[in-house]
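**Q** Quick one: the structure is below, and I'll ask about it shortly.
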Amino acid sequence: STGGLIATWKKESNDPIYSDQRDYTRDMYRPTSLYQEADLRSGLLSMHQSLGDSVEMHLDALRTERNMQMEYGYSAVHYRYPTETVTFLVSPSVVFSLPHDWVIDVSAAAGRDKTEFHAVGVTNATGEISLNRSFSYANKSRTYEAEAEGPLFALPGGDARLAVGTGYRHNDFLYLYVGSPTADGHEGSRFAYAELNLPLVGPDQSVAGIHRLELTGAVRTESHDSYGQVTTPKIGLLYSPSTDWTLKASWGKSFKAPTLYQGYIGQFGYLYPVTSLGGSGYAPNATALYLNGGNRALTPERAKTWSTSIAFHPEALPGMETELTGFFIDYTDRIIQPITSTSDVLTNPIYGEFVTRDPTAEKQAGVIAGLDQFLNYTSTPYAPADMAAIIDNRFVNAARQRIKGIDLSGSYRFDLATSRLTIRGSASWLDSERTLASTSRFFDSAGILFYPAKLNSRVGAVWSRDRFTASLFGNYKSGVTNMATGTKGASFTTFDTTLRYDSGPRDDAWSNLALELSAQNLFIREPPLYVTTAPSDAPSDSTNYSAIGRFLSFSISKRW
């Protein structure tokens, strides 16, 4: 009566799907995986135990092992990428219940994960292994946090409540390539936050035109070892003019820290003939230095977010619920490697701020001295007088992205004579644009190939009678445009259905037994295709469309 636990263990595996198993990919090189082979073993333990009336202890722990393999075929060789990931986390905490409904929670967490993978090249004609390289990524983290929450004072709509907290987090990262350390970094941060909820008007006050009015505010500050302090606020408003309507609005700032990979991966310099990077009109021996790798001077990505929504849930129609939400997110200082095409980097104006032309010998020496590796891919020795440009494709805070969208959802429940029918639907419209640098123009990053579709929707019905339930839903995804050809692909519509029977409580072995049969993509709709430039590429958009096809599942569960 004073404690309990949850323990789970799961084993899950799936076969791969290869290109020769789908009609629309039979012209691809073989073997090529459209869907990876995977095997998962995972365990979770969550425990809690009260010690008297005012102290409760918690412990959460999990461990997961996952093996995966992808294969990519080419004309003379094919490549296998076997991967193994092991993740572990343990988190103890103690909760203290104080007078006046205050609670203090003191917690800690320690976790680690390691991913090891190989790149194995196999010659198609002989079956000999022509390449075998090993890589690994490893992360460690530990977090300590204390938080308190409780009421401050009474307001007309209820108690004003405050939550405050502080803590410390440390992360370690190690990337190994063929046994050599190519990224080894760590980051520590201290953080504190406060959240305030003010229920100004409550439903019991009978204020004309104000059924409910609530304000919320929050602020969080973090101090990082590498780039200093970042503070982000958020405010929100909830207003109901009557029981039928609810309006919500929020504004806030947020940030995303640079990953340790982006900051600590090695820096490399490659010396090329200037012609191989799009240069023309230079001296015959002209060269260009191409830089790649990490950047210890990165700062956080930033964002401002606005959102507003209106919900309609009329008392006169208790089975009806609808909500319309609009949002806008303005990202700045997004971290990218800005050069997406090396063939025109010296002639395309969008790369202008990442190219230093006619660098001095001192400039060259300073850049080369900071590199972990310098490779000469020209036919002549490096000469400072021959260098025409330095091209910087290291990680940098440069991109900006603006995202706006509308989400609409609703449901209506019909209570029939001996059954119930519920109609449900949702639709989302997304518009996104992005620029690689402060001087370049914005371009679409939604509704184009390998980016999210602009319109998604799901509409269907659930019918239930006694212990039997049946559902049918249709899913729609709008077509995406291939920017290389300017052609827009077809939309994608699929149907899912589920039949479920629950025996309920009985006096025999069939008590509380549930049987469920489901089908996704019931009519085996193939994804829309586009024209590829090589048989090594799949002719469909794997970001938006699945290669699985129809997926049938049958499950049995029993409760005691």
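Chain labels run A, B, ... following the order of the structure tokens; each chain numbers its residues from 1, and ligands are numbered from 1 in the order shown.
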Got a sec: who's within 10 Å of A:Met320, counting only C-alpha atoms, leaving out chain neighbours fewer than 5 positions off, as a short mmCIF file (atom, residue, chain, number, x, y, z; two decimals) with N, CA and C atoms, in the first residue's frame?
**A**
data_model
loop_
_atom_site.label_atom_id
_atom_site.label_comp_id
_atom_site.auth_asym_id
_atom_site.auth_seq_id
_atom_site.Cartn_x
_atom_site.Cartn_y
_atom_site.Cartn_z
N PHE A 312 -13.59 25.07 -29.59
CA PHE A 312 -15.04 25.17 -29.50
C PHE A 312 -15.57 23.84 -28.98
N HIS A 313 -16.20 23.85 -27.81
CA HIS A 313 -16.73 22.64 -27.17
C HIS A 313 -18.08 22.99 -26.54
N PRO A 314 -19.11 23.11 -27.36
CA PRO A 314 -20.40 23.64 -26.89
C PRO A 314 -21.08 22.70 -25.90
N GLU A 315 -21.65 23.30 -24.86
CA GLU A 315 -22.42 22.51 -23.89
C GLU A 315 -23.65 21.89 -24.53
N GLY A 410 -10.78 17.95 -34.77
CA GLY A 410 -12.15 17.94 -34.30
C GLY A 410 -12.70 16.53 -34.20
N SER A 411 -13.75 16.37 -33.40
CA SER A 411 -14.42 15.09 -33.27
C SER A 411 -15.88 15.33 -32.90
N TYR A 412 -16.73 14.37 -33.30
CA TYR A 412 -18.14 14.44 -32.95
C TYR A 412 -18.62 13.03 -32.63
N ARG A 413 -19.26 12.90 -31.48
CA ARG A 413 -19.72 11.59 -31.00
C ARG A 413 -21.22 11.49 -31.14
N PHE A 414 -21.67 10.43 -31.81
CA PHE A 414 -23.09 10.14 -31.94
C PHE A 414 -23.43 8.96 -31.03
N THR A 422 -18.12 7.71 -33.53
CA THR A 422 -17.32 8.91 -33.35
C THR A 422 -16.59 9.23 -34.64
N ILE A 423 -16.79 10.45 -35.13
CA ILE A 423 -16.09 10.94 -36.32
C ILE A 423 -14.93 11.80 -35.83
N ARG A 424 -13.73 11.52 -36.31
CA ARG A 424 -12.55 12.28 -35.91
C ARG A 424 -11.78 12.72 -37.14
#
**Q** For A:Arg465, please output as a list of chain:residue names all residues within 7 Å (counting only C-alpha atoms; exclusion window: fewer than 2 positions along the same chain).
**A**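 Selected residues are A:Thr418, A:Ser419, A:Arg420, A:Trp463, A:Arg467, A:Phe468, A:Thr469.
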**Q** The selected residues should be written to file as a short mmCIF file (atom, residue, chain, number, x, y, z; two decimals), in the first residue's frame (atoms: C-alpha atoms).
**A**
data_model
loop_
_atom_site.label_atom_id
_atom_site.label_comp_id
_atom_site.auth_asym_id
_atom_site.auth_seq_id
_atom_site.Cartn_x
_atom_site.Cartn_y
_atom_site.Cartn_z
CA THR A 418 -27.31 0.36 -29.09
CA SER A 419 -23.91 1.67 -30.23
CA ARG A 420 -21.71 4.75 -30.53
CA TRP A 463 -17.85 2.54 -34.22
CA ARG A 467 -17.33 -5.09 -26.53
CA PHE A 468 -16.67 -4.77 -30.26
CA THR A 469 -14.92 -1.77 -31.87
#
**Q** For a test of reading the model, state the distance in Å between atom CA of A:Gly281 and atom CA of A:Gln364, rounded to one decimal.
**A**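 Pair atom CA of A:Gly281 / atom CA of A:Gln364 returns 21.7 Å.
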**Q** Please identify every residue of stretch 110-174 of chain A that has at least one atom no farther than 10 Å from an atom of stretch 211-225 of chain A, counting only C-alpha atoms, and for each give the shortest atom pair and the distance in Å to one decimal, arranged by chain then increasing number, as a tab-separated table.
**A**
residue	atom	partner	partner_atom	distance
A:Gly157	CA	A:Arg212	CA	7.7
A:Gly158	CA	A:Glu214	CA	9.9
A:Ala160	CA	A:Thr216	CA	9.8
A:Arg161	CA	A:Thr216	CA	9.7
A:Leu162	CA	A:Ala218	CA	9.7
A:Ala163	CA	A:Ala218	CA	9.1
A:Val164	CA	A:Ala218	CA	9.6
A:Gly165	CA	A:Arg220	CA	9.4
A:Thr166	CA	A:Thr221	CA	9.5
A:Gly167	CA	A:Glu222	CA	9.5
A:Tyr168	CA	A:Glu222	CA	9.3
A:Arg169	CA	A:His224	CA	9.5
A:His170	CA	A:His224	CA	9.7
**Q** Can you write just those residues out, all heavy atoms, as a CSV table (one decimal), in the first residue's frame?
**A**
chain,number,residue,atom,x,y,z
A,157,GLY,N,-9.6,33.2,-9.0
A,157,GLY,CA,-9.8,32.0,-9.8
A,157,GLY,C,-9.2,30.8,-9.1
A,157,GLY,O,-9.3,29.7,-9.7
A,158,GLY,N,-8.5,30.9,-8.0
A,158,GLY,CA,-7.8,29.8,-7.4
A,158,GLY,C,-6.5,30.3,-6.8
A,158,GLY,O,-6.2,31.5,-6.8
A,160,ALA,N,-2.6,31.1,-6.7
A,160,ALA,CA,-1.4,31.3,-7.6
A,160,ALA,C,-0.3,30.3,-7.2
A,160,ALA,O,-0.1,30.1,-6.0
A,160,ALA,CB,-0.9,32.7,-7.4
A,161,ARG,N,0.3,29.7,-8.2
A,161,ARG,CA,1.3,28.6,-7.9
A,161,ARG,C,2.6,28.9,-8.5
A,161,ARG,O,2.7,29.5,-9.6
A,161,ARG,CB,0.8,27.2,-8.3
A,161,ARG,CG,-0.6,26.8,-7.7
A,161,ARG,CD,-0.9,25.4,-8.1
A,161,ARG,NE,-0.1,24.4,-7.4
A,161,ARG,CZ,-0.3,23.9,-6.2
A,161,ARG,NH1,-1.4,24.2,-5.6
A,161,ARG,NH2,0.5,23.0,-5.7
A,162,LEU,N,3.6,28.5,-7.8
A,162,LEU,CA,5.0,28.8,-8.3
A,162,LEU,C,5.8,27.5,-8.3
A,162,LEU,O,5.7,26.7,-7.4
A,162,LEU,CB,5.7,29.8,-7.3
A,162,LEU,CG,7.2,30.1,-7.5
A,162,LEU,CD1,7.3,30.9,-8.8
A,162,LEU,CD2,7.8,30.8,-6.4
A,163,ALA,N,6.6,27.4,-9.3
A,163,ALA,CA,7.6,26.3,-9.4
A,163,ALA,C,8.9,26.9,-9.7
A,163,ALA,O,9.1,27.7,-10.5
A,163,ALA,CB,7.2,25.3,-10.5
A,164,VAL,N,9.9,26.4,-8.9
A,164,VAL,CA,11.3,26.9,-9.1
A,164,VAL,C,12.2,25.7,-9.0
A,164,VAL,O,11.9,24.7,-8.4
A,164,VAL,CB,11.7,27.9,-8.0
A,164,VAL,CG1,10.9,29.2,-8.1
A,164,VAL,CG2,11.6,27.3,-6.6
A,165,GLY,N,13.4,25.8,-9.7
A,165,GLY,CA,14.3,24.7,-9.7
A,165,GLY,C,15.7,25.2,-10.1
A,165,GLY,O,15.9,26.3,-10.7
A,166,THR,N,16.7,24.4,-9.8
A,166,THR,CA,18.0,24.6,-10.2
A,166,THR,C,18.8,23.3,-10.3
A,166,THR,O,18.3,22.3,-9.8
A,166,THR,CB,18.7,25.5,-9.1
A,166,THR,OG1,20.1,25.9,-9.6
A,166,THR,CG2,18.9,24.8,-7.8
A,167,GLY,N,19.9,23.3,-11.1
A,167,GLY,CA,20.6,22.1,-11.3
A,167,GLY,C,21.8,22.2,-12.1
A,167,GLY,O,22.2,23.4,-12.4
A,168,TYR,N,22.5,21.1,-12.3
A,168,TYR,CA,23.8,21.1,-13.0
A,168,TYR,C,23.7,19.9,-14.0
A,168,TYR,O,23.2,18.8,-13.6
A,168,TYR,CB,24.9,20.9,-12.1
A,168,TYR,CG,26.3,20.7,-12.8
A,168,TYR,CD1,26.9,21.8,-13.3
A,168,TYR,CD2,26.8,19.5,-12.9
A,168,TYR,CE1,28.2,21.6,-14.0
A,168,TYR,CE2,28.1,19.3,-13.5
A,168,TYR,CZ,28.7,20.3,-14.1
A,168,TYR,OH,29.9,20.1,-14.7
A,169,ARG,N,24.3,20.1,-15.2
A,169,ARG,CA,24.3,19.0,-16.2
A,169,ARG,C,25.7,18.9,-16.8
A,169,ARG,O,26.3,20.0,-17.1
A,169,ARG,CB,23.2,19.2,-17.2
A,169,ARG,CG,23.2,18.1,-18.3
A,169,ARG,CD,22.0,18.4,-19.3
A,169,ARG,NE,22.1,19.6,-19.9
A,169,ARG,CZ,21.2,20.6,-19.7
A,169,ARG,NH1,20.2,20.5,-18.8
A,169,ARG,NH2,21.3,21.8,-20.4
A,170,HIS,N,26.2,17.7,-17.0
A,170,HIS,CA,27.5,17.6,-17.7
A,170,HIS,C,27.4,16.5,-18.7
A,170,HIS,O,26.8,15.4,-18.5
A,170,HIS,CB,28.6,17.2,-16.6
A,170,HIS,CG,29.9,17.1,-17.2
A,170,HIS,ND1,30.8,18.3,-17.2
A,170,HIS,CD2,30.7,16.1,-17.8
A,170,HIS,CE1,31.9,17.9,-17.8
A,170,HIS,NE2,31.9,16.6,-18.1
**Q** Would you please extract all helix (DSSP H, G or I) residues from stretch 124-333 of chain A, as assigned by DSSP on the backbone, and give them as a PDB file with C-alpha atoms, in the first residue's frame?
**A**
ATOM      1  CA  PRO A 203     -15.652  29.391 -13.509  1.00  0.00           C
ATOM      2  CA  ASP A 204     -17.367  29.788 -10.106  1.00  0.00           C
ATOM      3  CA  GLN A 205     -17.230  33.605 -10.082  1.00  0.00           C
ATOM      4  CA  LEU A 260      29.569  18.347 -28.986  1.00  0.00           C
ATOM      5  CA  TYR A 261      30.129  16.755 -32.391  1.00  0.00           C
ATOM      6  CA  GLN A 262      29.707  20.141 -34.098  1.00  0.00           C
ATOM      7  CA  GLY A 263      32.125  21.794 -31.721  1.00  0.00           C
ATOM      8  CA  TYR A 264      34.798  19.139 -31.266  1.00  0.00           C
ATOM      9  CA  VAL A 274      40.940  26.166 -58.153  1.00  0.00           C
ATOM     10  CA  THR A 275      39.199  24.798 -61.266  1.00  0.00           C
ATOM     11  CA  SER A 276      37.769  21.830 -59.333  1.00  0.00           C
ATOM     12  CA  LEU A 277      35.838  24.280 -57.127  1.00  0.00           C
TER      13      LEU A 277
END
**Q** Here is a test: counting only C-alpha atoms, which residue of A:Thr356, A:Thr143, A:Thr435, A:Thr493 is nearest to A:Ala288?
**A** A:Thr356
